[in-house]
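Heads up, the thing below is written out as structure tokens.
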Amino acid sequence: MTDTARPDGGRAALAGFVTNRLGRATPRPAPVKTASPAGKSAAQNFENLPGYRELKLQRQAADLIGLGNPFFRVHDAKAGATTRIDQKSFTNFSSYDYLGLNGHPRVSNAAREAIEAYGTSASASRVVAGERPGHISLEQALAEHYQSEGCVVMVSGHATNVTTIGALLEAGDVIFHDALSHNSIVTGAQLSGAQRRSFAHNDLDALETLLQSTRHEHRRALIVVEGLYSMDGDAPDLAGLVALKKRYDAWLMVDEAHGLGVTGRTGAGLFEHCGVDPKEVDIWMGTLSKTLSTCGGYICGPIALIEYLKHSAGGFVYSVGMSPPLAAAAEAALAVMHAEPERVERLRQNGTLFLATAKKLGLDTGFSLGLAVVPIIVGDSLKAVTLSDRLFRRGINVQPIIHPAVPERASRLRFFLTSEHTPDQIRDTVNAVAEELAAIDKGGSLIEQLLAKRV
């Protein structure tokens with residue numbers, strides 16, 4: 001008998017879902033054996049993968065309580081400050097288009113010209129298929145931006161971190177990373193074979209304690225942080241990190257995925273935000289999918305580092321080269337960012353307005369600096385999903401971030417601001433969040449309410 005055929009299946013699914021999300025000890029329903037497809041053993045049945053049953057329970061529970069799936073929605077138009085889903089317009093806070101450059105005429109024209117000249121694909125690894133002019137000019141532009149000797153671009157931001165960290169470190173080395181580091185940093189550290197040590201978020205005293213006690217045990221050391229943390233919207237103390245990396249003979253790597261175009265007076269990044277010479281950082285990493293409105297990742301640094309990665313990093317050597325139109329569009333976006341600093345200023349004003357309005361209404365924005373990323377922390381996954389669903393029904397598209405992406409007590413809605421949002425859109429959105437959150441809280445225990453009324 002399947003879950004849906006059991007008399008108590010709906011209530012059991014919902015109870016299992018909510019108690020698991022809140023970390024309660026209520027026992028979950030006993031697993032139900034499912035028949036394997038003909039000719040397949042239990043080990044060959046993908047439904048037996050760890051976590052798949054939990055996924056089914058979550059989907060069933062969401063259906064029972066009338067919550068729409070906030071993920072994988074299909075957009076009918078370019079998603080920026082606004083978007084269109086199922087032919088309905090939404091104010092959009094779920095896209096990384098921080099400076100509104102996706103669809104900018106100069107960016108789109110650069111992509112069209114590259115397609116005309118080189119087609120849509122580099123066809124193979126750049127080692128095998130050779131370079132295209134756009135690869136070289138994009139790398140030169142990024143290297144100049146960070147005042148570094150060289151740059152290498154790759155087809156995936158996630159893979160850039162994984163393959164770079166994996167290529168540089170090995171057994172006998174050590175990696176120190178912030179406890180809130182992105183999955184790509186952690187995965188790269190794990191695959192490298194080096195010792196991995198995390199320190200409390202943005203706590204340089206905790207980092208120094210680790211360096212003092214363990215640095216001497218290892219050959220090479222790498223400190224990895226993010227320039228702007230994508231879940232919390234805060235930034236590290238770069239000057240303090242530079243001092244530590246010098247004191248303890250370590251490389252310093254900064255992931256600028258969300259920082260480029262956002263931090264600093266002109267959006268140059270964390271070095272401008274903190275007033276630090278960018279050459280003091282050994283490895284600058286970033287992605288092309290946020291401010292630069294395309295797709296891929298890059299590493300900037302000393303020429304020896306770049307040459308080594310171009311010949312040794314699996315994610316570059318064994319991966320197809322970046323699509324020529326994407327490379328051309330990213331270079332054009334970087335040029336527009338440099339030429340139009342007023343976009344960065346508008347983004348800063350929008351972030352400041354959002355943060356100030358939210359705080360005035362008593363909303364928990366965590367550690368956000370109010371630049372481009374502002375969370376509204378609500379404290380449990382079910383409430384976050386419910387709040388997101390209520391806002392969607394009001395024409396506001398914002399994603400819930402729930403366990404295990406963040407701890408259950410830190411479940412939230414995460415708002416991405418752009419330079420193109422209007423003050424009215426921001427005020428109306430924050431007011432809507434406060435109203436819907438108050439309505440949810442006024443109803444008492446959301447879980448007991450749903451269990452009693454919906455099942």
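Letters for chains follow the order of the structure tokens (A, B, ...), residue numbers begin at 1 for each chain, and ligand numbers begin at 1 in the order shown.
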
For the interface of region 311-412 of chain A with region 228-247 of chain A (cut-off 6 Å, counting only C-alpha atoms), please tabulate each contacting residue of region 311-412 of chain A alongside its nearest pair of atoms and their separation in Å to one decimal, rows sorted by chain and increasing number, as CSV.
residue,atom,partner,partner_atom,distance
A:Phe367,CA,A:Asp234,CA,5.9
A:Ser368,CA,A:Gly233,CA,4.4
A:Leu369,CA,A:Asp234,CA,5.4
A:Val373,CA,A:Gly233,CA,4.6
A:Val374,CA,A:Gly233,CA,5.8

Checklist entry - Hey, what's within 8 Å of Ala313 (chain A) if we count only C-alpha atoms and toss same-chain stuff fewer than 3 positions away? As a PyMOL selection string, please? => result chain A and resi 163-164+166-167+308-310+316-317

Next on the checklist: Show me, as an MDAnalysis selection string, the residues that have an atom within 9 Å of Thr422 (chain A) when counting only C-alpha atoms, minus same-chain residues fewer than 4 positions from it.
Outcome noted: chainID A and resid 81 350 426:427

Output file for the residues above (C-alpha atoms, as a short mmCIF file (atom, residue, chain, number, x, y, z; two decimals), in the first residue's frame):
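Okay, result33.cif is ready:
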data_model
loop_
_atom_site.label_atom_id
_atom_site.label_comp_id
_atom_site.auth_asym_id
_atom_site.auth_seq_id
_atom_site.Cartn_x
_atom_site.Cartn_y
_atom_site.Cartn_z
CA ALA A 81 13.29 43.93 -10.60
CA ASN A 350 17.68 50.67 -2.47
CA ILE A 426 10.58 48.25 -1.76
CA ARG A 427 8.25 49.94 0.74
#

Report as a tab-separated table: every residue of region 286-346 of chain A with an atom at most 12 Å from region 89-111 of chain A, its closest pair of atoms, and their distance in Å to one decimal, counting only C-alpha atoms, with rows sorted by chain and ascending residue number.
residue	atom	partner	partner_atom	distance
A:Thr287	CA	A:Tyr96	CA	11.1
A:Leu288	CA	A:Tyr96	CA	10.4
A:Ser289	CA	A:Tyr96	CA	7.3
A:Lys290	CA	A:Tyr96	CA	4.7
A:Thr291	CA	A:Tyr98	CA	5.3
A:Leu292	CA	A:Leu101	CA	7.0
A:Ser293	CA	A:Asn102	CA	5.1
A:Thr294	CA	A:Asn102	CA	7.8
A:Cys295	CA	A:Asn102	CA	11.4
A:Ser323	CA	A:Ala111	CA	9.8
A:Pro324	CA	A:Ala111	CA	7.7
A:Pro325	CA	A:Ala111	CA	4.2
A:Leu326	CA	A:Ala111	CA	6.4
A:Ala327	CA	A:Ala111	CA	8.0
A:Ala328	CA	A:Ala110	CA	5.5
A:Ala329	CA	A:Val107	CA	4.9
A:Ala330	CA	A:Val107	CA	7.4
A:Glu331	CA	A:Val107	CA	8.2
A:Ala332	CA	A:Val107	CA	5.2
A:Ala333	CA	A:Val107	CA	5.7
A:Leu334	CA	A:Val107	CA	9.2
A:Ala335	CA	A:Val107	CA	9.2
A:Val336	CA	A:Arg106	CA	7.9
A:Met337	CA	A:Leu99	CA	7.7
A:His338	CA	A:Leu99	CA	11.3
A:Ala339	CA	A:Arg106	CA	11.7
A:Glu340	CA	A:Leu99	CA	9.7
A:Pro341	CA	A:Leu99	CA	9.6
A:Glu342	CA	A:Leu99	CA	9.6
A:Arg343	CA	A:Leu99	CA	5.8
A:Val344	CA	A:Leu99	CA	6.7
A:Glu345	CA	A:Leu99	CA	9.7
A:Arg346	CA	A:Leu99	CA	8.6

With C-alpha atoms retained, export the selected residues as an mmCIF file, in the first residue's frame.
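That gives us result.cif:
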data_model
loop_
_atom_site.group_PDB
_atom_site.id
_atom_site.type_symbol
_atom_site.label_atom_id
_atom_site.label_comp_id
_atom_site.auth_asym_id
_atom_site.auth_seq_id
_atom_site.Cartn_x
_atom_site.Cartn_y
_atom_site.Cartn_z
ATOM 1 C CA THR A 287 31.266 34.475 -10.778
ATOM 2 C CA LEU A 288 29.807 35.956 -13.941
ATOM 3 C CA SER A 289 26.182 35.125 -13.125
ATOM 4 C CA LYS A 290 25.396 37.940 -10.705
ATOM 5 C CA THR A 291 26.393 41.496 -11.623
ATOM 6 C CA LEU A 292 27.882 40.422 -14.977
ATOM 7 C CA SER A 293 24.628 38.732 -16.044
ATOM 8 C CA THR A 294 26.024 35.671 -17.816
ATOM 9 C CA CYS A 295 27.401 32.393 -16.485
ATOM 10 C CA SER A 323 30.664 30.016 -24.776
ATOM 11 C CA PRO A 324 31.903 32.993 -26.881
ATOM 12 C CA PRO A 325 28.653 35.017 -26.517
ATOM 13 C CA LEU A 326 28.763 34.607 -22.740
ATOM 14 C CA ALA A 327 32.369 35.784 -22.596
ATOM 15 C CA ALA A 328 31.561 38.803 -24.764
ATOM 16 C CA ALA A 329 28.465 39.684 -22.736
ATOM 17 C CA ALA A 330 30.336 39.436 -19.431
ATOM 18 C CA GLU A 331 33.096 41.721 -20.678
ATOM 19 C CA ALA A 332 30.508 44.234 -21.884
ATOM 20 C CA ALA A 333 28.693 44.102 -18.536
ATOM 21 C CA LEU A 334 31.945 44.804 -16.686
ATOM 22 C CA ALA A 335 32.554 47.781 -18.963
ATOM 23 C CA VAL A 336 29.055 49.164 -18.320
ATOM 24 C CA MET A 337 29.571 48.734 -14.578
ATOM 25 C CA HIS A 338 32.747 50.808 -14.809
ATOM 26 C CA ALA A 339 31.148 53.443 -17.054
ATOM 27 C CA GLU A 340 27.915 53.854 -15.064
ATOM 28 C CA PRO A 341 28.734 54.001 -11.330
ATOM 29 C CA GLU A 342 25.314 55.558 -10.738
ATOM 30 C CA ARG A 343 23.906 52.022 -10.970
ATOM 31 C CA VAL A 344 25.939 51.048 -7.907
ATOM 32 C CA GLU A 345 24.701 54.138 -6.079
ATOM 33 C CA ARG A 346 21.059 53.316 -6.874
#

Next on the checklist: Neighbouring residues of region 386-389 of chain A were defined as those with any atom within 8 Å, considering only C-alpha atoms; residues of the same chain fewer than 2 positions away were excluded. Please report them as an MDAnalysis selection string.
Outcome noted: chainID A and resid 67:68 70 382:384 391:393 397:400 413 433 436:437 440

Next on the checklist: What parts of region 128-214 of chain A does DSSP call strand (DSSP E or B)? I'd like the answer as a PyMOL selection string.
Outcome noted: chain A and resi 150-154+174-178+195-199

For the residues selected in the previous step, produce a file with N, CA and C atoms as a PDB file, in the first residue's frame.
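Contents of the output file again.pdb:
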ATOM      1  N   GLY A 150      47.139  38.126 -13.843  1.00  0.00           N
ATOM      2  CA  GLY A 150      46.448  37.301 -14.821  1.00  0.00           C
ATOM      3  C   GLY A 150      45.095  36.840 -14.330  1.00  0.00           C
ATOM      4  N   CYS A 151      44.386  36.147 -15.209  1.00  0.00           N
ATOM      5  CA  CYS A 151      43.046  35.663 -14.891  1.00  0.00           C
ATOM      6  C   CYS A 151      42.756  34.433 -15.745  1.00  0.00           C
ATOM      7  N   VAL A 152      41.931  33.537 -15.235  1.00  0.00           N
ATOM      8  CA  VAL A 152      41.405  32.426 -16.006  1.00  0.00           C
ATOM      9  C   VAL A 152      39.903  32.355 -15.752  1.00  0.00           C
ATOM     10  N   VAL A 153      39.103  32.197 -16.835  1.00  0.00           N
ATOM     11  CA  VAL A 153      37.665  32.070 -16.692  1.00  0.00           C
ATOM     12  C   VAL A 153      37.261  30.621 -16.968  1.00  0.00           C
ATOM     13  N   MET A 154      36.241  30.169 -16.253  1.00  0.00           N
ATOM     14  CA  MET A 154      35.741  28.801 -16.380  1.00  0.00           C
ATOM     15  C   MET A 154      34.231  28.838 -16.569  1.00  0.00           C
ATOM     16  N   VAL A 174      46.421  22.565   4.735  1.00  0.00           N
ATOM     17  CA  VAL A 174      45.276  22.881   5.584  1.00  0.00           C
ATOM     18  C   VAL A 174      44.485  24.050   4.982  1.00  0.00           C
ATOM     19  N   ILE A 175      43.169  23.976   5.117  1.00  0.00           N
ATOM     20  CA  ILE A 175      42.285  25.022   4.615  1.00  0.00           C
ATOM     21  C   ILE A 175      41.457  25.557   5.776  1.00  0.00           C
ATOM     22  N   PHE A 176      41.508  26.863   5.984  1.00  0.00           N
ATOM     23  CA  PHE A 176      40.690  27.532   6.999  1.00  0.00           C
ATOM     24  C   PHE A 176      39.584  28.293   6.283  1.00  0.00           C
ATOM     25  N   HIS A 177      38.343  27.984   6.584  1.00  0.00           N
ATOM     26  CA  HIS A 177      37.245  28.675   5.912  1.00  0.00           C
ATOM     27  C   HIS A 177      36.182  29.107   6.905  1.00  0.00           C
ATOM     28  N   ASP A 178      35.488  30.162   6.555  1.00  0.00           N
ATOM     29  CA  ASP A 178      34.394  30.672   7.375  1.00  0.00           C
ATOM     30  C   ASP A 178      33.321  29.593   7.508  1.00  0.00           C
ATOM     31  N   GLN A 195      43.520  19.035   5.250  1.00  0.00           N
ATOM     32  CA  GLN A 195      42.760  19.191   6.485  1.00  0.00           C
ATOM     33  C   GLN A 195      41.840  20.411   6.336  1.00  0.00           C
ATOM     34  N   ARG A 196      40.637  20.302   6.858  1.00  0.00           N
ATOM     35  CA  ARG A 196      39.671  21.389   6.733  1.00  0.00           C
ATOM     36  C   ARG A 196      39.256  21.864   8.119  1.00  0.00           C
ATOM     37  N   ARG A 197      39.411  23.164   8.365  1.00  0.00           N
ATOM     38  CA  ARG A 197      39.056  23.727   9.668  1.00  0.00           C
ATOM     39  C   ARG A 197      38.206  24.983   9.454  1.00  0.00           C
ATOM     40  N   SER A 198      37.019  24.989  10.057  1.00  0.00           N
ATOM     41  CA  SER A 198      36.136  26.151   9.912  1.00  0.00           C
ATOM     42  C   SER A 198      36.187  27.008  11.171  1.00  0.00           C
ATOM     43  N   PHE A 199      36.015  28.300  10.994  1.00  0.00           N
ATOM     44  CA  PHE A 199      35.996  29.221  12.129  1.00  0.00           C
ATOM     45  C   PHE A 199      34.662  29.949  12.151  1.00  0.00           C
TER      46      PHE A 199
END

Next on the checklist: With only C-alpha atoms as the counted atoms, please give the residues lying no more than 9 Å from Tyr118 (chain A), apart from itself and same-chain residues fewer than 3 positions off, as a ChimeraX atom specification.
Outcome noted: /A:113-115,121-122,132,324-325

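Neighbours of Ala129 (chain A) closer than or equal to 12 Å, with only C-alpha atoms counted and sequence neighbours fewer than 2 positions away skipped, come out as Ser121, Ala122, Ser123, Ala124, Ser125, Arg126, Val127, Glu131, Arg132, Val317, Tyr318, Ser319, Val320, Gly321 and Met322 of chain A.
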
Item to check | Given only C-alpha atoms as the counted atoms, nearest of A:Gly366, A:Gly227, A:Gly351, A:Pro375 to Phe271 (chain A) | outcome: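 Smallest distance to Phe271 (chain A) is found for A:Gly227.
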
Next on the checklist: Can you pull out every residue from region 111-313 of chain A that DSSP, working from the backbone, puts in helix (DSSP H, G or I), and format the result as an MDAnalysis selection string?
Outcome noted: chainID A and resid 111:118 126:129 133:145 157:168 183:192 204:217 238:247 270:274 278:280 303:312

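Nearest residue to Asp424 (chain A) among A:Leu55, A:Leu252, A:Val225, A:Leu353 is A:Leu353, counting only C-alpha atoms.
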
Checklist entry - Smallest atom-to-atom distance to His135 (chain A): which of A:Gly296, A:Gly286, A:Glu280, A:Glu54, using only C-alpha atoms? => result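 Closest candidate: A:Gly296.
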
Checklist entry - Could you state the separation of CA of Val430 (chain A) and CA of Lys442 (chain A) in Å, given to one decimal place? => result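 CA of Lys442 (chain A) lies 18.2 Å from CA of Val430 (chain A).
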
Checklist entry - Quick one: of A:Glu226, A:Glu272, A:Glu144, A:Asp380, who's nearest to Asn202 (chain A), counting only C-alpha atoms? => result A:Glu226

So which residues touch Gln349 (chain A) within 12 Å, counting only C-alpha atoms, skipping near sequence neighbours fewer than 6 positions away, as an mmCIF file with N, CA and C atoms, in the first residue's frame?
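Resulting contents of part06.cif:
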data_model
loop_
_atom_site.group_PDB
_atom_site.id
_atom_site.type_symbol
_atom_site.label_atom_id
_atom_site.label_comp_id
_atom_site.auth_asym_id
_atom_site.auth_seq_id
_atom_site.Cartn_x
_atom_site.Cartn_y
_atom_site.Cartn_z
ATOM 1 N N VAL A 262 28.772 45.380 -6.096
ATOM 2 C CA VAL A 262 27.931 45.658 -4.924
ATOM 3 C C VAL A 262 28.701 46.391 -3.837
ATOM 4 N N ARG A 265 32.511 51.876 -3.169
ATOM 5 C CA ARG A 265 31.814 53.057 -3.699
ATOM 6 C C ARG A 265 31.425 52.881 -5.155
ATOM 7 N N GLU A 342 26.600 55.177 -11.338
ATOM 8 C CA GLU A 342 25.314 55.558 -10.738
ATOM 9 C C GLU A 342 24.434 54.341 -10.495
ATOM 10 N N ARG A 343 24.658 53.253 -11.227
ATOM 11 C CA ARG A 343 23.906 52.022 -10.970
ATOM 12 C C ARG A 343 24.236 51.483 -9.575
ATOM 13 N N LEU A 355 16.550 47.929 4.181
ATOM 14 C CA LEU A 355 17.006 47.573 5.521
ATOM 15 C C LEU A 355 16.372 48.483 6.570
ATOM 16 N N ALA A 356 16.359 49.786 6.314
ATOM 17 C CA ALA A 356 15.802 50.730 7.285
ATOM 18 C C ALA A 356 14.309 50.504 7.478
ATOM 19 N N LEU A 369 24.261 44.155 5.763
ATOM 20 C CA LEU A 369 24.744 45.524 5.633
ATOM 21 C C LEU A 369 23.800 46.375 4.795
ATOM 22 N N GLY A 370 22.773 45.752 4.221
ATOM 23 C CA GLY A 370 21.836 46.500 3.398
ATOM 24 C C GLY A 370 22.421 46.891 2.061
ATOM 25 N N LEU A 371 23.203 46.007 1.469
ATOM 26 C CA LEU A 371 23.789 46.304 0.164
ATOM 27 C C LEU A 371 22.937 45.682 -0.942
ATOM 28 N N ALA A 372 23.051 44.404 -1.187
ATOM 29 C CA ALA A 372 22.221 43.766 -2.212
ATOM 30 C C ALA A 372 21.470 42.557 -1.678
ATOM 31 N N LEU A 417 18.261 42.620 -3.881
ATOM 32 C CA LEU A 417 17.924 43.954 -4.368
ATOM 33 C C LEU A 417 18.658 44.232 -5.682
ATOM 34 N N THR A 418 18.062 45.041 -6.531
ATOM 35 C CA THR A 418 18.734 45.495 -7.741
ATOM 36 C C THR A 418 18.677 47.017 -7.806
ATOM 37 N N SER A 419 19.484 47.566 -8.697
ATOM 38 C CA SER A 419 19.474 49.013 -8.906
ATOM 39 C C SER A 419 18.175 49.473 -9.556
ATOM 40 N N GLU A 420 17.410 48.527 -10.106
ATOM 41 C CA GLU A 420 16.207 48.881 -10.856
ATOM 42 C C GLU A 420 14.927 48.815 -10.031
ATOM 43 N N HIS A 421 14.983 48.309 -8.807
ATOM 44 C CA HIS A 421 13.799 48.370 -7.953
ATOM 45 C C HIS A 421 13.465 49.831 -7.642
ATOM 46 N N THR A 422 12.170 50.128 -7.541
ATOM 47 C CA THR A 422 11.750 51.491 -7.185
ATOM 48 C C THR A 422 11.526 51.582 -5.679
ATOM 49 N N PRO A 423 11.613 52.779 -5.113
ATOM 50 C CA PRO A 423 11.323 52.933 -3.683
ATOM 51 C C PRO A 423 9.929 52.423 -3.303
ATOM 52 N N ILE A 426 9.900 48.681 -2.979
ATOM 53 C CA ILE A 426 10.578 48.249 -1.756
ATOM 54 C C ILE A 426 9.679 48.472 -0.543
#
